[in-house]
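Contents: one structure, followed by commentary.
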Amino acid sequence: MEKERETLQAWKERVGHELDVVVAFWLEHSHDQEHGGFFTCLGRNGQVYDDLKYVWLQGRQVWMYCRLYRKLERFRRPELLNAAKAGGEFLLRYARVAPPAKKCAFVLTRDGRPVKVQRTVFSECFYTMAMNELWRATGDARYQSEAVEMMDQIVHWVREDPSGLGRPQLPGAPASESMAVPMLLLSLVEQLGEADDELAGNYAELGDWCARRILRHVQRGGQAVLENVSEDGEELSGCLGRHQNPGHALEAGWFLLRHAIRRGDPGLRAHVIDKFLLLPFRSGWDPDHGGLFYFQDADGLCPTQLEWAMKLWWPHSEAMIAFLMGYSESGDSALLNTFYQVAEYTFRQFRDPEYGEWFGYLNREGKVALTIKGGPFKGCFHVPRCLAMCEEMLSDLLSRLAPALSARSPPADPARRGAE
């Protein structure tokens with residue numbers, strides 16, 4: 001037990017130091033002091049190589065700064081909160097393409113003019129996360145009002161009428177559901193319901209609905225997690241149906257674990273660990289070079305995506321969270337060992353000790369393929385979220401171990417105590 005404590009303590013310190021380095025990188029290089037918001041297209045040393053602003057990443061960075069400010073004492077700094085507020089105000093002014101309509105842009109110019117719109121709900125989801133977390137950090141009711149209104153719109157698009165997204169219904173397109181949509185909605189249910197019994201109650205049915213939809217992606221008699229299924233929960237034909245994303249399955253796993261904890265459902269917890277942690281890890285871990293494949297084909301055929309064998313930052317971040325959370329909830333040492341396995345690979349291959357932050361894109365052998373630290377999809381989110389959550393879980397595990405270690409310590413020698 002003492003050795004376990006030492007290993008956990010070493011990882012807590014390692015993770016905490018890395019979080020400090022990563023946050024410092026974004027504080028130094030990403031803030032747009034002129035227009036508000038954040039630059040995310042950053043080269044290895046933090047140089048801005050494009051000033052386009054991606055709404056996903058604007059919302060994520062606002063959320064991340066506020067979450068750090070709220071949860072970790074050393075980040076309760078004015079510069080963090082002020083930058084988050086500037087980012088939030090940028091989103092309020094510019095994210096929506098044609099206010100008062102709720103549809104948000106995907107890409108904006110540096111000064112906030114819309115460049116591109118996606119026919120999905122993802123920009124709106126990250127907008128909602130940002131606004132709710134800003135409200136929690138500042139107490140400004142404007143942000144919470146925005147969050148709840150946008151949440152209502154997202155639910156309407158997903159469960160009632162998607163026509164407002166502008167996606168045409170083509171006769172040859174299969175009626176399919178990506179795991180990403182119920183995943184993000186489940187994440188928002190947790191976000192808005194935190195320490196708010198009224199909203200938690202309002203969204204309880206939605207959370208259960210999301211969980212059921214995610215669980216339908218376990219197919220083939222429980223032997224595969226598929227990224228896309230039909231609207232009635234069946235396997236689709238062709239490449240779309242066979243498509244697997246191990247990192248997404250692992251992220252869904254820890255979302256579902258949190259849901260199982262909230263619901264007090266140990267049976268669901270065990271099922272999730274088996275199907276959304278262990279299953280995708282066994283099939284997704286590269287036996288030759290280590291690391292998680294980005295995409296796979298459920299029949300073992302060659303995936304059509306050119307990047308399928310690459311190793312990306314975010315699946316490994318999600319795997320670290322998932323396995324540490326799985327261990328924390330179950331006590332299964334095999335899950336802790338897998339956390340160590342993933343974390344060692346991730347720290348060895350992705351982190352940049354010279355300039356800080358992590359590389360995002362490695363080739364199959366684990367060598368850096370792109371030297372950029374940020375871009376259209378990589379911002380201040382997956383890495384610091386992973387590190388912050390792991391630091392909190394490691395702290396909790398250490399605090400749980402402390403009483404057990406004290407109980408096992410031998411009593412002091414009375415004669416020795418008297419001599420002293």
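The chains in the structure tokens are called A, B, ... from first to last as shown; in each chain the residues are counted from 1, and the ligands are counted from 1 in the order shown.
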
Distance query stretch 192-202 of chain A at most 12 Å, only C-alpha atoms, self and fewer than 6 positions along chain excluded, as a VMD selection string: chain A and resid 125 128 to 136 143 to 152 185 to 186 208 258 to 259 262 to 263

Stretch 138-303 of chain A: residues DSSP assigns to alpha helix (DSSP H), reported as a ChimeraX atom specification: /A:138,141-159,180-193,197-202,204-215,238-242,246-263,266-272,279-284

May I have the residues within 9 Å of A:Leu240 as an MDAnalysis selection string, using only C-alpha atoms and disregarding those fewer than 5 positions away in the same chain? chainID A and resid 227:229

Selection near stretch 304-312 of chain A, 8 Å with only C-alpha atoms, sequence-local residues under 6 positions removed, as a compact mmCIF listing (two decimals) with C-alpha atoms, in the first residue's frame:
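Result saved to around-v3.txt:
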# COMPACT_ATOMS: atom_id res chain seq x y z
CA CYS A 239 -17.90 1.64 -43.97
CA GLY A 291 -0.79 4.24 -28.48
CA LEU A 292 -4.40 4.22 -29.61
CA PHE A 293 -5.32 3.99 -33.26
CA TYR A 294 -7.46 6.93 -34.33
CA PHE A 295 -9.98 4.90 -36.35
CA GLN A 296 -10.67 1.22 -36.89
CA GLY A 360 -1.46 16.81 -31.29
CA TYR A 361 -0.65 14.57 -34.21
CA LEU A 362 1.82 11.67 -34.27
CA ASN A 363 2.37 9.03 -36.92
CA ARG A 364 1.80 5.38 -36.13
CA GLY A 366 4.77 7.82 -32.34

Go through A:Glu124, A:Asp111, A:Glu251, A:Glu177 one by one, measure the shortest atom-to-atom distance of each to A:Ile154 using only C-alpha atoms, and give the residue with the smallest value.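 Among the listed residues, A:Glu124 lies closest to A:Ile154.
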
Could you list, as a CSV table (one decimal) with all heavy atoms, in the first residue's frame, every residue within 10 Å of A:Phe347, counting only C-alpha atoms and ignoring same-chain residues fewer than 2 positions away?
chain,number,residue,atom,x,y,z
A,14,ARG,N,3.5,14.9,-11.1
A,14,ARG,CA,3.8,15.0,-12.5
A,14,ARG,C,2.7,15.7,-13.3
A,14,ARG,O,2.9,16.6,-14.1
A,14,ARG,CB,4.1,13.6,-13.0
A,14,ARG,CG,4.8,13.5,-14.3
A,14,ARG,CD,5.1,12.1,-14.6
A,14,ARG,NE,5.8,11.9,-15.9
A,14,ARG,CZ,6.1,10.8,-16.5
A,14,ARG,NH1,5.8,9.6,-15.8
A,14,ARG,NH2,6.7,10.7,-17.7
A,15,VAL,N,1.5,15.2,-13.0
A,15,VAL,CA,0.3,15.8,-13.7
A,15,VAL,C,0.1,17.2,-13.3
A,15,VAL,O,-0.2,18.1,-14.2
A,15,VAL,CB,-0.9,14.9,-13.3
A,15,VAL,CG1,-2.2,15.7,-13.7
A,15,VAL,CG2,-0.9,13.6,-14.1
A,18,GLU,N,2.6,19.4,-15.1
A,18,GLU,CA,2.3,19.5,-16.5
A,18,GLU,C,1.1,20.5,-16.8
A,18,GLU,O,1.1,21.2,-17.8
A,18,GLU,CB,2.0,18.1,-17.1
A,18,GLU,CG,1.9,18.1,-18.6
A,18,GLU,CD,3.2,18.5,-19.3
A,18,GLU,OE1,4.3,18.5,-18.7
A,18,GLU,OE2,3.2,18.8,-20.5
A,316,HIS,N,-5.9,9.8,-26.2
A,316,HIS,CA,-5.1,9.5,-25.1
A,316,HIS,C,-5.4,10.3,-23.8
A,316,HIS,O,-5.4,9.7,-22.7
A,316,HIS,CB,-3.6,9.6,-25.4
A,316,HIS,CG,-3.2,8.7,-26.6
A,316,HIS,ND1,-3.5,9.0,-27.9
A,316,HIS,CD2,-2.6,7.5,-26.6
A,316,HIS,CE1,-3.1,8.0,-28.6
A,316,HIS,NE2,-2.5,7.1,-27.9
A,342,VAL,N,-1.1,4.0,-20.3
A,342,VAL,CA,-1.5,5.1,-21.2
A,342,VAL,C,-0.8,6.4,-20.9
A,342,VAL,O,-0.3,7.1,-21.7
A,342,VAL,CB,-3.1,5.3,-21.2
A,342,VAL,CG1,-3.4,6.5,-22.0
A,342,VAL,CG2,-3.8,4.1,-21.7
A,343,ALA,N,-0.7,6.7,-19.6
A,343,ALA,CA,-0.1,8.0,-19.2
A,343,ALA,C,1.4,8.0,-19.5
A,343,ALA,O,1.9,9.0,-19.9
A,343,ALA,CB,-0.3,8.2,-17.7
A,344,GLU,N,2.1,6.9,-19.3
A,344,GLU,CA,3.5,6.8,-19.6
A,344,GLU,C,3.7,7.1,-21.1
A,344,GLU,O,4.6,7.9,-21.5
A,344,GLU,CB,4.1,5.5,-19.2
A,344,GLU,CG,4.3,5.3,-17.7
A,344,GLU,CD,5.4,6.1,-17.2
A,344,GLU,OE1,6.1,6.9,-17.9
A,344,GLU,OE2,5.6,6.0,-15.9
A,345,TYR,N,2.9,6.4,-22.0
A,345,TYR,CA,3.0,6.6,-23.4
A,345,TYR,C,2.7,8.1,-23.8
A,345,TYR,O,3.5,8.7,-24.5
A,345,TYR,CB,2.0,5.7,-24.1
A,345,TYR,CG,2.0,5.9,-25.6
A,345,TYR,CD1,2.9,5.3,-26.5
A,345,TYR,CD2,1.1,6.9,-26.2
A,345,TYR,CE1,2.9,5.5,-27.9
A,345,TYR,CE2,1.1,7.1,-27.6
A,345,TYR,CZ,2.0,6.5,-28.4
A,345,TYR,OH,2.0,6.7,-29.7
A,349,GLN,N,5.4,10.6,-25.5
A,349,GLN,CA,5.3,10.9,-26.9
A,349,GLN,C,4.7,12.3,-27.3
A,349,GLN,O,5.1,12.9,-28.3
A,349,GLN,CB,4.4,9.8,-27.6
A,349,GLN,CG,4.9,8.4,-27.4
A,349,GLN,CD,6.3,8.1,-27.9
A,349,GLN,OE1,7.1,7.5,-27.3
A,349,GLN,NE2,6.6,8.6,-29.1
A,350,PHE,N,3.8,12.8,-26.5
A,350,PHE,CA,3.0,14.0,-26.9
A,350,PHE,C,3.6,15.3,-26.3
A,350,PHE,O,3.5,16.3,-27.0
A,350,PHE,CB,1.6,13.9,-26.5
A,350,PHE,CG,0.8,12.9,-27.4
A,350,PHE,CD1,0.5,11.6,-27.0
A,350,PHE,CD2,0.3,13.3,-28.6
A,350,PHE,CE1,-0.2,10.7,-27.8
A,350,PHE,CE2,-0.5,12.5,-29.4
A,350,PHE,CZ,-0.7,11.2,-29.0
A,351,ARG,N,4.1,15.3,-25.1
A,351,ARG,CA,4.5,16.5,-24.5
A,351,ARG,C,5.7,17.1,-25.1
A,351,ARG,O,6.6,16.3,-25.6
A,351,ARG,CB,4.6,16.3,-22.9
A,351,ARG,CG,5.7,15.4,-22.5
A,351,ARG,CD,5.7,15.2,-21.0
A,351,ARG,NE,6.1,16.4,-20.3
A,351,ARG,CZ,7.4,16.7,-20.0
A,351,ARG,NH1,8.3,15.9,-20.4
A,351,ARG,NH2,7.7,17.8,-19.4
A,352,ASP,N,5.8,18.4,-25.1
A,352,ASP,CA,7.0,19.1,-25.7
A,352,ASP,C,7.7,19.8,-24.5
A,352,ASP,O,7.3,20.8,-24.1
A,352,ASP,CB,6.5,20.1,-26.7
A,352,ASP,CG,7.7,20.9,-27.3
A,352,ASP,OD1,8.8,20.6,-27.0
A,352,ASP,OD2,7.4,21.7,-28.2
A,353,PRO,N,8.8,19.2,-24.0
A,353,PRO,CA,9.5,19.8,-22.9
A,353,PRO,C,10.2,21.1,-23.2
A,353,PRO,O,10.6,21.8,-22.3
A,353,PRO,CB,10.6,18.7,-22.5
A,353,PRO,CG,10.8,17.9,-23.8
A,353,PRO,CD,9.5,17.9,-24.5
A,358,TRP,N,1.3,20.1,-25.7
A,358,TRP,CA,1.5,18.8,-26.3
A,358,TRP,C,1.4,18.9,-27.8
A,358,TRP,O,0.5,19.7,-28.3
A,358,TRP,CB,0.5,17.8,-25.8
A,358,TRP,CG,0.6,17.4,-24.4
A,358,TRP,CD1,1.5,17.9,-23.5
A,358,TRP,CD2,-0.2,16.5,-23.7
A,358,TRP,NE1,1.3,17.3,-22.2
A,358,TRP,CE2,0.2,16.4,-22.3
A,358,TRP,CE3,-1.3,15.6,-24.1
A,358,TRP,CZ2,-0.3,15.6,-21.4
A,358,TRP,CZ3,-1.8,14.8,-23.1
A,358,TRP,CH2,-1.3,14.8,-21.8

Using only C-alpha atoms, determine which residues lie at most 6 Å from stretch 267-278 of chain A, disregarding the query and same-chain residues fewer than 5 positions distant; provide the list as a tab-separated table (two decimals) with all heavy atoms, in the first residue's frame.
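Generated output (part32.tsv):
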chain	number	residue	atom	x	y	z
A	249	ALA	N	-15.15	6.17	-27.86
A	249	ALA	CA	-15.76	5.17	-26.99
A	249	ALA	C	-15.28	5.35	-25.55
A	249	ALA	O	-16.07	5.26	-24.60
A	249	ALA	CB	-15.45	3.76	-27.49
A	250	LEU	N	-13.99	5.62	-25.37
A	250	LEU	CA	-13.45	5.83	-24.02
A	250	LEU	C	-14.00	7.10	-23.39
A	250	LEU	O	-14.31	7.13	-22.19
A	250	LEU	CB	-11.92	5.87	-24.09
A	250	LEU	CG	-11.26	4.52	-24.37
A	250	LEU	CD1	-9.85	4.71	-24.90
A	250	LEU	CD2	-11.24	3.66	-23.10
A	253	GLY	N	-17.29	6.45	-22.31
A	253	GLY	CA	-17.22	5.63	-21.13
A	253	GLY	C	-17.20	6.44	-19.85
A	253	GLY	O	-17.95	6.16	-18.91
A	257	LEU	N	-19.92	6.70	-16.95
A	257	LEU	CA	-19.56	6.41	-15.56
A	257	LEU	C	-20.09	7.49	-14.63
A	257	LEU	O	-20.65	7.20	-13.56
A	257	LEU	CB	-18.04	6.32	-15.41
A	257	LEU	CG	-17.38	4.96	-15.63
A	257	LEU	CD1	-15.87	5.08	-15.45
A	257	LEU	CD2	-17.94	3.92	-14.66
A	260	ALA	N	-23.74	6.98	-14.26
A	260	ALA	CA	-24.05	5.85	-13.37
A	260	ALA	C	-23.86	6.24	-11.91
A	260	ALA	O	-24.64	5.82	-11.03
A	260	ALA	CB	-23.16	4.66	-13.73

What residues in stretch 50-136 of chain A get the DSSP label strand (DSSP E)? Please answer as an NGL selection string. :A and (50 or 53-54 or 107-108 or 114-116)
